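Accompanying notes for the structure given below.
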Amino acid sequence: MALLDVKDLVVHYGKINALKGVSLHLDKGDFVTLIGANGAGKTSLLGALSGLVQATSGTVTFKGGDLLNEAPEAYVKGGIAHVPEGRKIFGELSVEENLYAGAYIIKDKAQVKSLLERNYQLFPRLAERRKQEGGTLSGGEQQMLAIARGLMSDPEILYLDEPSLGIAPLLVDKIFEFIMQINAMGKTILLVEQNANLALQVAQYGYVLETGKITHEGNCARLREDDAIRCAYLGVNGNGN
Amino acid sequence: MFLQQLINGLAQGSLFALIAISFSLVWGLLRMVNFAMGEVYMLGAYAGWLVVMYATPNLGVALVAGFVIGWIVGWFIEKVAFKAMRGVPHIASLVCTIGFSFFLKELASALFRAETKSMPSYYSDTAFTFAEANISYLQIIMVVIAVVMMVLLQILFYRTKIGLAVRAVALDYRTASLMGMKVDRVTSLAFSLSGALAGFVGVLAATYYNAVNASMGFVAGLKGFTAAVFGGITSIPGAILGGYLLGAIENLSVKYMSSGYRDLVSYFILITFLLFRPNGILGKKAKL
Ligand SMILES: Nc1ncnc2c1ncn2[C@@H]1O[C@H](COP(=O)(O)OP(=O)(O)OP(=O)(O)O)[C@@H](O)[C@H]1O
Ligand SMILES: [Mg+2]
């Protein structure tokens, strides 16, 4: 059974038609990426799949239950964590408070503590800075914090919206290693990226979104060889140079 | 004389500081001013007065009544002026709270008539005299209550889960909602709490001045707002600082100028700070 199944999702902002019938599918443990240019509708899609954006029509099924246009808390409680574009750290809260905020839906204090410790093991940098204000972290550290905060709700699926955005190349590699590690821990990943090169290397399955429509999909290895994708997203011309 | 005015300033500053905190709470969450805060305070004062006149002379019960009435009225104002008006320009909510301010004042004068009710004295005896300055029990109680309230709020905001949610929602409500925080409920709670605080202070003030009337909220609201702007409306510490400083300055100005200038000094501070330092003494950096 699919973990997350999306069919014919349509999103409008007033007259702007941001998504024109998008379908995608994730099984448990998958590492799926969605690539697309600026304004393709990637963030709108994640928003509609976490309650931030109202969809006009379509279906969203998570673990067999219908989740279309519910309040955001229904998605988190169901097991979805959305790490938003631009990190959106609570700048004036400490690193630790940011993490506690991520665990808001978890009632069991012992569980919150153990999630916190697990995150500090995964991201020792955050442990060193636990009392520091989130806003004073470097971009890369903030991205780690955003991911860790997402993990604090102990989700089954993690959405990542452009985690490489505005981060030094060296740190980007580091962050992608973390993401692969998190996937290896058993979390399903839906990774949105403009950096198609990197995304198609780390993920197993990929979708290409162009102005609100999925134009290609397939195993990442195959997408990497597709001439149209190489040309448009991987910065290589059609002759395979 | 100087010392006496300073002590009076401290007692009155406690009232200003608590109202200023109410303004800070709403500002922190919604970047909004509730101009009906003074009227919530006035309704709290009437609630306290009704309790001591008709139910029990116990001042504690009166304070609780002020708190509860303030909570309810604050909750209602949030529902009408802010929640129902979400999505329309900020100015509409602002004007709506001004409307509430007039409405509640007229409602109170219709219900209780125009004349001032006298509130019985409590603990007005002199506790001790120090360098010719008299300090009443009530003044001590007021400062203690204010400090206890501030400590409780600090614990609420910095040591509890709901406090963390209030701060997170204040910073970025969209992201907070992704964590499963119920933005509407958190906002409503903080708004109601700000009303409760104002209602509570209304009873305290009625006891201190021995008077309750329908127009008492106007000046109190303005002074509380001034205190918040003065210290820094973005933060509770700023509101507290502003409250006590304003209390001290007002009362000392009585010593050095004619007492008629008392309110003028406050308005001068308000206008000066709004014009030249709208983030107050503590500045923008200070946080809820
Ligand atoms: N809140 C909004 N109101 C109106 N239009 C919006 C809103 N959010 C997005 N859009 C429009 O919807 C389209 C898709 O935007 P979206 O942010 O989903 O794209 P994206 O693929 O995430 O782009 P980027 O790579 O730049 O983040 C764009 O044309 C954008 O202008
Ligand atoms: Mg985007």
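Residues are referred to by chain and number: the chain letter is A, B, ... according to the order shown in the structure tokens, the number counts from 1 in that chain, and ligands are numbered separately from 1 in the order shown.
Near chain A, the residues of chain B that fall inside 9 Å (using only C-alpha atoms) are Lys161, Leu164, Ala165, Arg167, Ala168, Leu171, Asp172, Arg174, Thr175, Ala176, Ser177, Leu178, Met179, Gly180, Met181, Lys182 and Lys287 of chain B.
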Keeping only N, CA, C and O atoms, write those residues as a PDB file, in the first residue's frame.
ATOM      1  N   LYS B 161       4.967  24.503  27.800  1.00  0.00           N
ATOM      2  CA  LYS B 161       4.808  24.171  26.399  1.00  0.00           C
ATOM      3  C   LYS B 161       3.913  25.197  25.689  1.00  0.00           C
ATOM      4  O   LYS B 161       4.216  25.640  24.580  1.00  0.00           O
ATOM      5  N   LEU B 164       5.843  28.279  24.977  1.00  0.00           N
ATOM      6  CA  LEU B 164       6.701  28.118  23.798  1.00  0.00           C
ATOM      7  C   LEU B 164       5.868  28.302  22.534  1.00  0.00           C
ATOM      8  O   LEU B 164       6.293  28.963  21.578  1.00  0.00           O
ATOM      9  N   ALA B 165       4.646  27.746  22.551  1.00  0.00           N
ATOM     10  CA  ALA B 165       3.773  27.884  21.386  1.00  0.00           C
ATOM     11  C   ALA B 165       3.419  29.354  21.152  1.00  0.00           C
ATOM     12  O   ALA B 165       3.419  29.823  20.012  1.00  0.00           O
ATOM     13  N   ARG B 167       5.191  31.961  21.907  1.00  0.00           N
ATOM     14  CA  ARG B 167       6.354  32.666  21.350  1.00  0.00           C
ATOM     15  C   ARG B 167       6.608  32.259  19.902  1.00  0.00           C
ATOM     16  O   ARG B 167       6.953  33.086  19.069  1.00  0.00           O
ATOM     17  N   ALA B 168       6.429  30.970  19.606  1.00  0.00           N
ATOM     18  CA  ALA B 168       6.654  30.510  18.234  1.00  0.00           C
ATOM     19  C   ALA B 168       5.617  31.119  17.289  1.00  0.00           C
ATOM     20  O   ALA B 168       5.951  31.598  16.210  1.00  0.00           O
ATOM     21  N   LEU B 171       6.388  34.642  16.488  1.00  0.00           N
ATOM     22  CA  LEU B 171       7.513  34.829  15.569  1.00  0.00           C
ATOM     23  C   LEU B 171       7.136  34.485  14.131  1.00  0.00           C
ATOM     24  O   LEU B 171       7.539  35.167  13.193  1.00  0.00           O
ATOM     25  N   ASP B 172       6.400  33.384  13.943  1.00  0.00           N
ATOM     26  CA  ASP B 172       6.117  32.915  12.586  1.00  0.00           C
ATOM     27  C   ASP B 172       4.973  31.903  12.649  1.00  0.00           C
ATOM     28  O   ASP B 172       5.195  30.710  12.866  1.00  0.00           O
ATOM     29  N   ARG B 174       2.925  30.669  10.446  1.00  0.00           N
ATOM     30  CA  ARG B 174       2.818  29.611   9.427  1.00  0.00           C
ATOM     31  C   ARG B 174       3.694  28.419   9.786  1.00  0.00           C
ATOM     32  O   ARG B 174       3.257  27.267   9.757  1.00  0.00           O
ATOM     33  N   THR B 175       4.945  28.736  10.115  1.00  0.00           N
ATOM     34  CA  THR B 175       5.843  27.653  10.488  1.00  0.00           C
ATOM     35  C   THR B 175       5.373  26.981  11.777  1.00  0.00           C
ATOM     36  O   THR B 175       5.428  25.766  11.905  1.00  0.00           O
ATOM     37  N   ALA B 176       4.873  27.783  12.711  1.00  0.00           N
ATOM     38  CA  ALA B 176       4.361  27.208  13.962  1.00  0.00           C
ATOM     39  C   ALA B 176       3.235  26.217  13.664  1.00  0.00           C
ATOM     40  O   ALA B 176       3.134  25.164  14.293  1.00  0.00           O
ATOM     41  N   SER B 177       2.403  26.540  12.679  1.00  0.00           N
ATOM     42  CA  SER B 177       1.298  25.635  12.366  1.00  0.00           C
ATOM     43  C   SER B 177       1.818  24.318  11.787  1.00  0.00           C
ATOM     44  O   SER B 177       1.213  23.270  11.985  1.00  0.00           O
ATOM     45  N   LEU B 178       2.972  24.374  11.105  1.00  0.00           N
ATOM     46  CA  LEU B 178       3.578  23.135  10.595  1.00  0.00           C
ATOM     47  C   LEU B 178       4.018  22.211  11.724  1.00  0.00           C
ATOM     48  O   LEU B 178       4.155  21.010  11.536  1.00  0.00           O
ATOM     49  N   MET B 179       4.270  22.778  12.911  1.00  0.00           N
ATOM     50  CA  MET B 179       4.658  21.962  14.057  1.00  0.00           C
ATOM     51  C   MET B 179       3.421  21.406  14.771  1.00  0.00           C
ATOM     52  O   MET B 179       3.537  20.773  15.801  1.00  0.00           O
ATOM     53  N   GLY B 180       2.247  21.734  14.249  1.00  0.00           N
ATOM     54  CA  GLY B 180       1.018  21.246  14.873  1.00  0.00           C
ATOM     55  C   GLY B 180       0.446  22.201  15.904  1.00  0.00           C
ATOM     56  O   GLY B 180      -0.485  21.859  16.631  1.00  0.00           O
ATOM     57  N   MET B 181       1.011  23.418  15.991  1.00  0.00           N
ATOM     58  CA  MET B 181       0.464  24.392  16.942  1.00  0.00           C
ATOM     59  C   MET B 181      -0.828  24.965  16.377  1.00  0.00           C
ATOM     60  O   MET B 181      -0.899  25.293  15.199  1.00  0.00           O
ATOM     61  N   LYS B 182      -1.828  25.090  17.246  1.00  0.00           N
ATOM     62  CA  LYS B 182      -3.106  25.614  16.781  1.00  0.00           C
ATOM     63  C   LYS B 182      -3.071  27.132  16.900  1.00  0.00           C
ATOM     64  O   LYS B 182      -3.280  27.699  17.970  1.00  0.00           O
ATOM     65  N   LYS B 287      12.675  40.861  23.370  1.00  0.00           N
ATOM     66  CA  LYS B 287      11.640  39.974  22.859  1.00  0.00           C
ATOM     67  C   LYS B 287      10.634  39.591  23.927  1.00  0.00           C
ATOM     68  O   LYS B 287      10.908  39.693  25.111  1.00  0.00           O
TER      69      LYS B 287
END
(request) Name the residues in contact with Ser23 in chain A at a cut-off of 6 Å, using only C-alpha atoms, excluding same-chain residues fewer than 4 positions from it; report them as a ChimeraX atom specification. (result) /A:6-8
Taking a cut-off of 7 Å and counting only C-alpha atoms and all ligand atoms, can you build a table that, for each residue of chain A near ligand 1, reports the nearest atom pair and how far apart they are in Å (one decimal), sorted by chain then residue number, as CSV?
residue,atom,partner,partner_atom_place_in_ligand_line,distance
A:Tyr13,CA,ligand 1,4 (C),4.8
A:Ile16,CA,ligand 1,5 (N),6.4
A:Ala18,CA,ligand 1,12 (O),4.5
A:Gly36,CA,ligand 1,21 (O),6.2
A:Ala37,CA,ligand 1,25 (O),5.6
A:Asn38,CA,ligand 1,25 (O),3.6
A:Gly39,CA,ligand 1,19 (O),3.5
A:Ala40,CA,ligand 1,21 (O),3.9
A:Gly41,CA,ligand 1,18 (O),3.2
A:Lys42,CA,ligand 1,21 (O),3.7
A:Thr43,CA,ligand 1,22 (O),3.6
A:Ser44,CA,ligand 1,18 (O),3.6
A:Leu45,CA,ligand 1,18 (O),6.4
A:Gln194,CA,ligand 1,25 (O),6.3
Dump all heavy atoms for the selected residues as a compact mmCIF listing (two decimals), in the first residue's frame?
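Ended up saving to out-v1.txt:
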# COMPACT_ATOMS: atom_id res chain seq x y z
N TYR A 13 -4.00 30.22 -6.87
CA TYR A 13 -3.90 31.41 -6.03
C TYR A 13 -4.70 32.47 -6.77
O TYR A 13 -4.19 33.05 -7.73
CB TYR A 13 -2.46 31.89 -5.89
CG TYR A 13 -1.53 30.90 -5.22
CD1 TYR A 13 -0.61 30.17 -5.96
CD2 TYR A 13 -1.55 30.72 -3.84
CE1 TYR A 13 0.26 29.27 -5.36
CE2 TYR A 13 -0.69 29.82 -3.23
CZ TYR A 13 0.22 29.11 -3.99
OH TYR A 13 1.07 28.23 -3.39
N ILE A 16 -4.23 32.64 -10.58
CA ILE A 16 -3.03 31.90 -10.97
C ILE A 16 -3.21 30.41 -10.72
O ILE A 16 -3.57 29.99 -9.62
CB ILE A 16 -1.79 32.40 -10.19
CG1 ILE A 16 -1.56 33.88 -10.46
CG2 ILE A 16 -0.55 31.59 -10.57
CD1 ILE A 16 -0.54 34.51 -9.56
N ALA A 18 -1.38 27.36 -10.10
CA ALA A 18 -0.01 26.94 -9.77
C ALA A 18 0.21 25.45 -10.00
O ALA A 18 1.29 25.04 -10.42
CB ALA A 18 0.31 27.31 -8.33
N GLY A 36 12.48 20.90 -10.51
CA GLY A 36 11.75 21.85 -11.35
C GLY A 36 12.34 23.23 -11.19
O GLY A 36 12.98 23.53 -10.19
N ALA A 37 12.11 24.07 -12.19
CA ALA A 37 12.70 25.41 -12.19
C ALA A 37 11.95 26.34 -11.23
O ALA A 37 10.94 25.95 -10.64
CB ALA A 37 12.66 25.98 -13.62
N ASN A 38 12.42 27.57 -11.13
CA ASN A 38 11.74 28.59 -10.33
C ASN A 38 10.29 28.73 -10.75
O ASN A 38 10.01 28.81 -11.95
CB ASN A 38 12.39 29.97 -10.54
CG ASN A 38 13.64 30.14 -9.72
OD1 ASN A 38 14.71 30.32 -10.26
ND2 ASN A 38 13.50 30.06 -8.43
N GLY A 39 9.41 28.74 -9.78
CA GLY A 39 8.01 28.99 -10.10
C GLY A 39 7.27 27.82 -10.71
O GLY A 39 6.13 27.95 -11.13
N ALA A 40 7.90 26.63 -10.73
CA ALA A 40 7.26 25.45 -11.32
C ALA A 40 6.07 25.00 -10.47
O ALA A 40 5.14 24.37 -10.99
CB ALA A 40 8.27 24.31 -11.45
N GLY A 41 6.10 25.31 -9.17
CA GLY A 41 5.01 24.92 -8.29
C GLY A 41 5.42 23.92 -7.22
O GLY A 41 4.57 23.32 -6.56
N LYS A 42 6.73 23.78 -7.01
CA LYS A 42 7.24 22.78 -6.06
C LYS A 42 6.80 23.08 -4.63
O LYS A 42 6.29 22.21 -3.92
CB LYS A 42 8.78 22.73 -6.12
CG LYS A 42 9.33 22.49 -7.52
CD LYS A 42 10.83 22.45 -7.54
CE LYS A 42 11.53 23.74 -7.15
NZ LYS A 42 11.31 24.89 -8.05
N THR A 43 6.99 24.34 -4.23
CA THR A 43 6.62 24.72 -2.87
C THR A 43 5.10 24.65 -2.68
O THR A 43 4.62 24.23 -1.62
CB THR A 43 7.16 26.13 -2.56
OG1 THR A 43 8.57 26.10 -2.69
CG2 THR A 43 6.79 26.58 -1.16
N SER A 44 4.38 25.03 -3.71
CA SER A 44 2.91 24.94 -3.63
C SER A 44 2.47 23.50 -3.42
O SER A 44 1.54 23.23 -2.65
CB SER A 44 2.28 25.46 -4.91
OG SER A 44 2.74 26.76 -5.19
N LEU A 45 3.15 22.58 -4.09
CA LEU A 45 2.80 21.17 -3.94
C LEU A 45 3.02 20.71 -2.50
O LEU A 45 2.12 20.13 -1.88
CB LEU A 45 3.63 20.32 -4.91
CG LEU A 45 3.43 18.81 -4.82
CD1 LEU A 45 1.99 18.43 -5.12
CD2 LEU A 45 4.37 18.07 -5.78
N GLN A 194 16.09 22.40 -6.75
CA GLN A 194 16.44 22.97 -8.05
C GLN A 194 17.78 22.42 -8.51
O GLN A 194 18.08 22.40 -9.69
CB GLN A 194 16.56 24.50 -7.94
CG GLN A 194 15.23 25.18 -8.03
CD GLN A 194 15.40 26.66 -8.30
OE1 GLN A 194 16.02 27.06 -9.27
NE2 GLN A 194 14.84 27.46 -7.42
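Comparing A:Leu24, A:Met180, A:Leu165, A:Leu171 by their smallest distance to ligand 2, the closest is A:Leu165 (using only C-alpha atoms and all ligand atoms).
Remark: for Val51 in chain B, the closest of the candidate residues B:Val186, B:Ala198, B:Met32, B:Ala65 is B:Ala65 (distances computed over only C-alpha atoms).
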(request) Please identify all polymer residues within 12 Å of Tyr120 in chain A, counting only C-alpha atoms, omitting same-chain residues fewer than 2 positions from it, and present them as JSON, numbers by chain. (result) {"A": [95, 96, 99, 113, 114, 115, 116, 117, 118, 122, 123, 124, 125, 126, 127, 128, 129, 130, 144, 145, 147, 148, 149, 151, 152]}
Just list the residues in range 57-214 of chain A DSSP gives alpha helix (DSSP H) on the backbone, as a short mmCIF file (atom, residue, chain, number, x, y, z; two decimals) with N, CA and C atoms, in the first residue's frame.
data_model
loop_
_atom_site.label_atom_id
_atom_site.label_comp_id
_atom_site.auth_asym_id
_atom_site.auth_seq_id
_atom_site.Cartn_x
_atom_site.Cartn_y
_atom_site.Cartn_z
N PRO A 72 -3.13 22.08 9.14
CA PRO A 72 -1.75 21.56 9.17
C PRO A 72 -1.51 20.54 10.29
N GLU A 73 -2.14 20.75 11.44
CA GLU A 73 -1.84 19.84 12.55
C GLU A 73 -2.24 18.39 12.24
N ALA A 74 -3.26 18.22 11.38
CA ALA A 74 -3.69 16.86 11.03
C ALA A 74 -2.58 16.12 10.29
N TYR A 75 -1.81 16.84 9.50
CA TYR A 75 -0.72 16.22 8.74
C TYR A 75 0.42 15.83 9.67
N VAL A 76 0.80 16.76 10.58
CA VAL A 76 1.90 16.42 11.52
C VAL A 76 1.49 15.24 12.38
N LYS A 77 0.27 15.28 12.88
CA LYS A 77 -0.18 14.21 13.76
C LYS A 77 -0.23 12.88 13.02
N GLY A 78 -0.51 12.95 11.72
CA GLY A 78 -0.54 11.73 10.92
C GLY A 78 0.83 11.13 10.67
N VAL A 95 18.30 27.10 19.97
CA VAL A 95 18.33 25.87 19.19
C VAL A 95 17.44 24.81 19.85
N GLU A 96 17.59 24.67 21.16
CA GLU A 96 16.83 23.64 21.87
C GLU A 96 15.33 23.94 21.85
N GLU A 97 14.98 25.22 22.01
CA GLU A 97 13.56 25.58 21.96
C GLU A 97 12.97 25.31 20.57
N ASN A 98 13.76 25.56 19.53
CA ASN A 98 13.31 25.23 18.18
C ASN A 98 12.99 23.74 18.09
N LEU A 99 13.87 22.94 18.69
CA LEU A 99 13.65 21.49 18.63
C LEU A 99 12.41 21.09 19.43
N TYR A 100 12.25 21.70 20.60
CA TYR A 100 11.05 21.41 21.39
C TYR A 100 9.78 21.81 20.63
N ALA A 101 9.87 22.93 19.91
CA ALA A 101 8.71 23.36 19.11
C ALA A 101 8.36 22.28 18.09
N GLY A 102 9.38 21.66 17.51
CA GLY A 102 9.15 20.60 16.53
C GLY A 102 8.45 19.39 17.13
N LYS A 109 6.78 13.07 27.59
CA LYS A 109 8.01 13.83 27.79
C LYS A 109 9.26 12.99 27.60
N ALA A 110 9.18 11.72 28.01
CA ALA A 110 10.34 10.84 27.86
C ALA A 110 10.67 10.63 26.39
N GLN A 111 9.63 10.53 25.58
CA GLN A 111 9.84 10.35 24.14
C GLN A 111 10.48 11.60 23.54
N VAL A 112 10.03 12.77 23.98
CA VAL A 112 10.62 14.02 23.49
C VAL A 112 12.10 14.06 23.83
N LYS A 113 12.43 13.70 25.07
CA LYS A 113 13.84 13.69 25.49
C LYS A 113 14.66 12.75 24.62
N SER A 114 14.12 11.59 24.33
CA SER A 114 14.92 10.63 23.57
C SER A 114 15.07 11.08 22.11
N LEU A 115 14.03 11.72 21.57
CA LEU A 115 14.15 12.28 20.22
C LEU A 115 15.20 13.38 20.19
N LEU A 116 15.22 14.18 21.26
CA LEU A 116 16.19 15.28 21.35
C LEU A 116 17.60 14.71 21.36
N GLU A 117 17.81 13.69 22.18
CA GLU A 117 19.16 13.09 22.27
C GLU A 117 19.55 12.48 20.93
N ARG A 118 18.59 11.82 20.28
CA ARG A 118 18.90 11.19 19.00
C ARG A 118 19.32 12.25 17.97
N ASN A 119 18.63 13.39 18.00
CA ASN A 119 18.98 14.47 17.06
C ASN A 119 20.34 15.06 17.37
N TYR A 120 20.65 15.19 18.66
CA TYR A 120 21.96 15.73 19.02
C TYR A 120 23.07 14.77 18.61
N GLN A 121 22.78 13.46 18.63
CA GLN A 121 23.78 12.50 18.17
C GLN A 121 23.99 12.63 16.66
N LEU A 122 22.87 12.80 15.96
CA LEU A 122 22.94 12.93 14.52
C LEU A 122 23.64 14.23 14.11
N PRO A 124 25.86 16.73 15.93
CA PRO A 124 26.61 17.19 17.11
C PRO A 124 26.78 18.72 17.13
N ARG A 125 26.82 19.33 15.95
CA ARG A 125 26.93 20.79 15.86
C ARG A 125 25.81 21.48 16.63
N LEU A 126 24.63 20.89 16.54
CA LEU A 126 23.48 21.50 17.22
C LEU A 126 23.60 21.32 18.73
N ALA A 127 24.14 20.18 19.14
CA ALA A 127 24.31 19.94 20.58
C ALA A 127 25.24 20.99 21.18
N GLU A 128 26.31 21.32 20.44
CA GLU A 128 27.25 22.34 20.94
C GLU A 128 26.59 23.71 21.07
N GLY A 139 23.97 29.56 7.82
CA GLY A 139 22.93 29.02 6.95
C GLY A 139 22.87 27.50 6.99
N GLY A 140 24.04 26.87 6.91
CA GLY A 140 24.10 25.42 6.92
C GLY A 140 23.61 24.84 8.24
N GLU A 141 24.02 25.49 9.32
CA GLU A 141 23.57 25.02 10.64
C GLU A 141 22.07 25.19 10.80
N GLN A 142 21.55 26.30 10.25
CA GLN A 142 20.10 26.50 10.32
C GLN A 142 19.36 25.42 9.55
N GLN A 143 19.94 25.00 8.41
CA GLN A 143 19.29 23.93 7.64
C GLN A 143 19.30 22.63 8.44
N MET A 144 20.42 22.36 9.12
CA MET A 144 20.47 21.16 9.97
C MET A 144 19.41 21.26 11.07
N LEU A 145 19.30 22.45 11.64
CA LEU A 145 18.31 22.64 12.71
C LEU A 145 16.90 22.44 12.16
N ALA A 146 16.65 22.95 10.96
CA ALA A 146 15.32 22.81 10.38
C ALA A 146 14.99 21.33 10.16
N ILE A 147 15.98 20.57 9.70
CA ILE A 147 15.76 19.14 9.48
C ILE A 147 15.55 18.43 10.82
N ALA A 148 16.41 18.77 11.78
CA ALA A 148 16.28 18.15 13.11
C ALA A 148 14.92 18.48 13.72
N ARG A 149 14.48 19.73 13.55
CA ARG A 149 13.18 20.14 14.09
C ARG A 149 12.06 19.32 13.45
N GLY A 150 12.22 19.06 12.12
CA GLY A 150 11.24 18.21 11.46
C GLY A 150 11.22 16.80 12.04
N LEU A 151 12.41 16.29 12.36
CA LEU A 151 12.48 14.92 12.89
C LEU A 151 11.92 14.82 14.30
N PRO A 169 28.75 25.06 -1.07
CA PRO A 169 28.78 23.72 -1.68
C PRO A 169 29.30 22.62 -0.74
N LEU A 170 30.31 22.95 0.03
CA LEU A 170 30.87 21.94 0.93
C LEU A 170 29.83 21.46 1.93
N LEU A 171 29.08 22.41 2.47
CA LEU A 171 28.05 22.07 3.45
C LEU A 171 26.87 21.36 2.81
N VAL A 172 26.61 21.70 1.54
CA VAL A 172 25.51 21.05 0.84
C VAL A 172 25.75 19.53 0.81
N ASP A 173 26.98 19.13 0.49
CA ASP A 173 27.30 17.70 0.47
C ASP A 173 27.04 17.08 1.83
N LYS A 174 27.44 17.79 2.86
CA LYS A 174 27.28 17.30 4.23
C LYS A 174 25.78 17.10 4.53
N ILE A 175 25.00 18.10 4.14
CA ILE A 175 23.56 18.02 4.42
C ILE A 175 22.93 16.87 3.66
N PHE A 176 23.36 16.66 2.43
CA PHE A 176 22.81 15.54 1.67
C PHE A 176 23.22 14.19 2.26
N GLU A 177 24.40 14.15 2.86
CA GLU A 177 24.77 12.92 3.57
C GLU A 177 23.82 12.66 4.72
N PHE A 178 23.49 13.72 5.44
CA PHE A 178 22.53 13.58 6.54
C PHE A 178 21.19 13.05 6.02
N ILE A 179 20.77 13.61 4.90
CA ILE A 179 19.46 13.21 4.37
C ILE A 179 19.47 11.73 3.99
N MET A 180 20.58 11.28 3.41
CA MET A 180 20.66 9.86 3.05
C MET A 180 20.67 8.99 4.30
N GLN A 181 21.36 9.49 5.33
CA GLN A 181 21.40 8.77 6.60
C GLN A 181 19.99 8.64 7.20
N ILE A 182 19.23 9.74 7.11
CA ILE A 182 17.87 9.73 7.66
C ILE A 182 17.00 8.74 6.88
N ASN A 183 17.19 8.69 5.57
CA ASN A 183 16.46 7.73 4.76
C ASN A 183 16.85 6.29 5.14
N ALA A 184 18.16 6.11 5.41
CA ALA A 184 18.63 4.78 5.80
C ALA A 184 18.04 4.36 7.15
N ALA A 196 19.26 19.80 -9.55
CA ALA A 196 18.82 18.50 -10.07
C ALA A 196 19.96 17.49 -10.09
N ASN A 197 21.16 17.97 -10.39
CA ASN A 197 22.34 17.11 -10.42
C ASN A 197 22.45 16.29 -9.15
N LEU A 198 22.43 17.01 -8.06
CA LEU A 198 22.60 16.38 -6.76
C LEU A 198 21.39 15.52 -6.42
N ALA A 199 20.20 16.08 -6.63
CA ALA A 199 18.98 15.39 -6.23
C ALA A 199 18.85 14.05 -6.95
N LEU A 200 19.19 14.04 -8.25
CA LEU A 200 19.03 12.80 -9.02
C LEU A 200 20.12 11.78 -8.68
N GLN A 201 21.16 12.24 -7.99
CA GLN A 201 22.18 11.29 -7.55
C GLN A 201 21.80 10.60 -6.24
N VAL A 202 21.15 11.34 -5.35
CA VAL A 202 20.88 10.76 -4.03
C VAL A 202 19.54 10.01 -3.98
#
(request) Pick out the closest residue to Leu94 in chain B from this set: B:Phe67, B:Phe112, B:Phe130, B:Trp27. Count only C-alpha atoms. (result)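 For Leu94 in chain B, the nearest of the given residues is B:Trp27.
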(request) For CA of Leu4 in chain A and CA of Cys220 in chain A, quote the distance in Å rounded to one decimal. (result) 19.1 Å
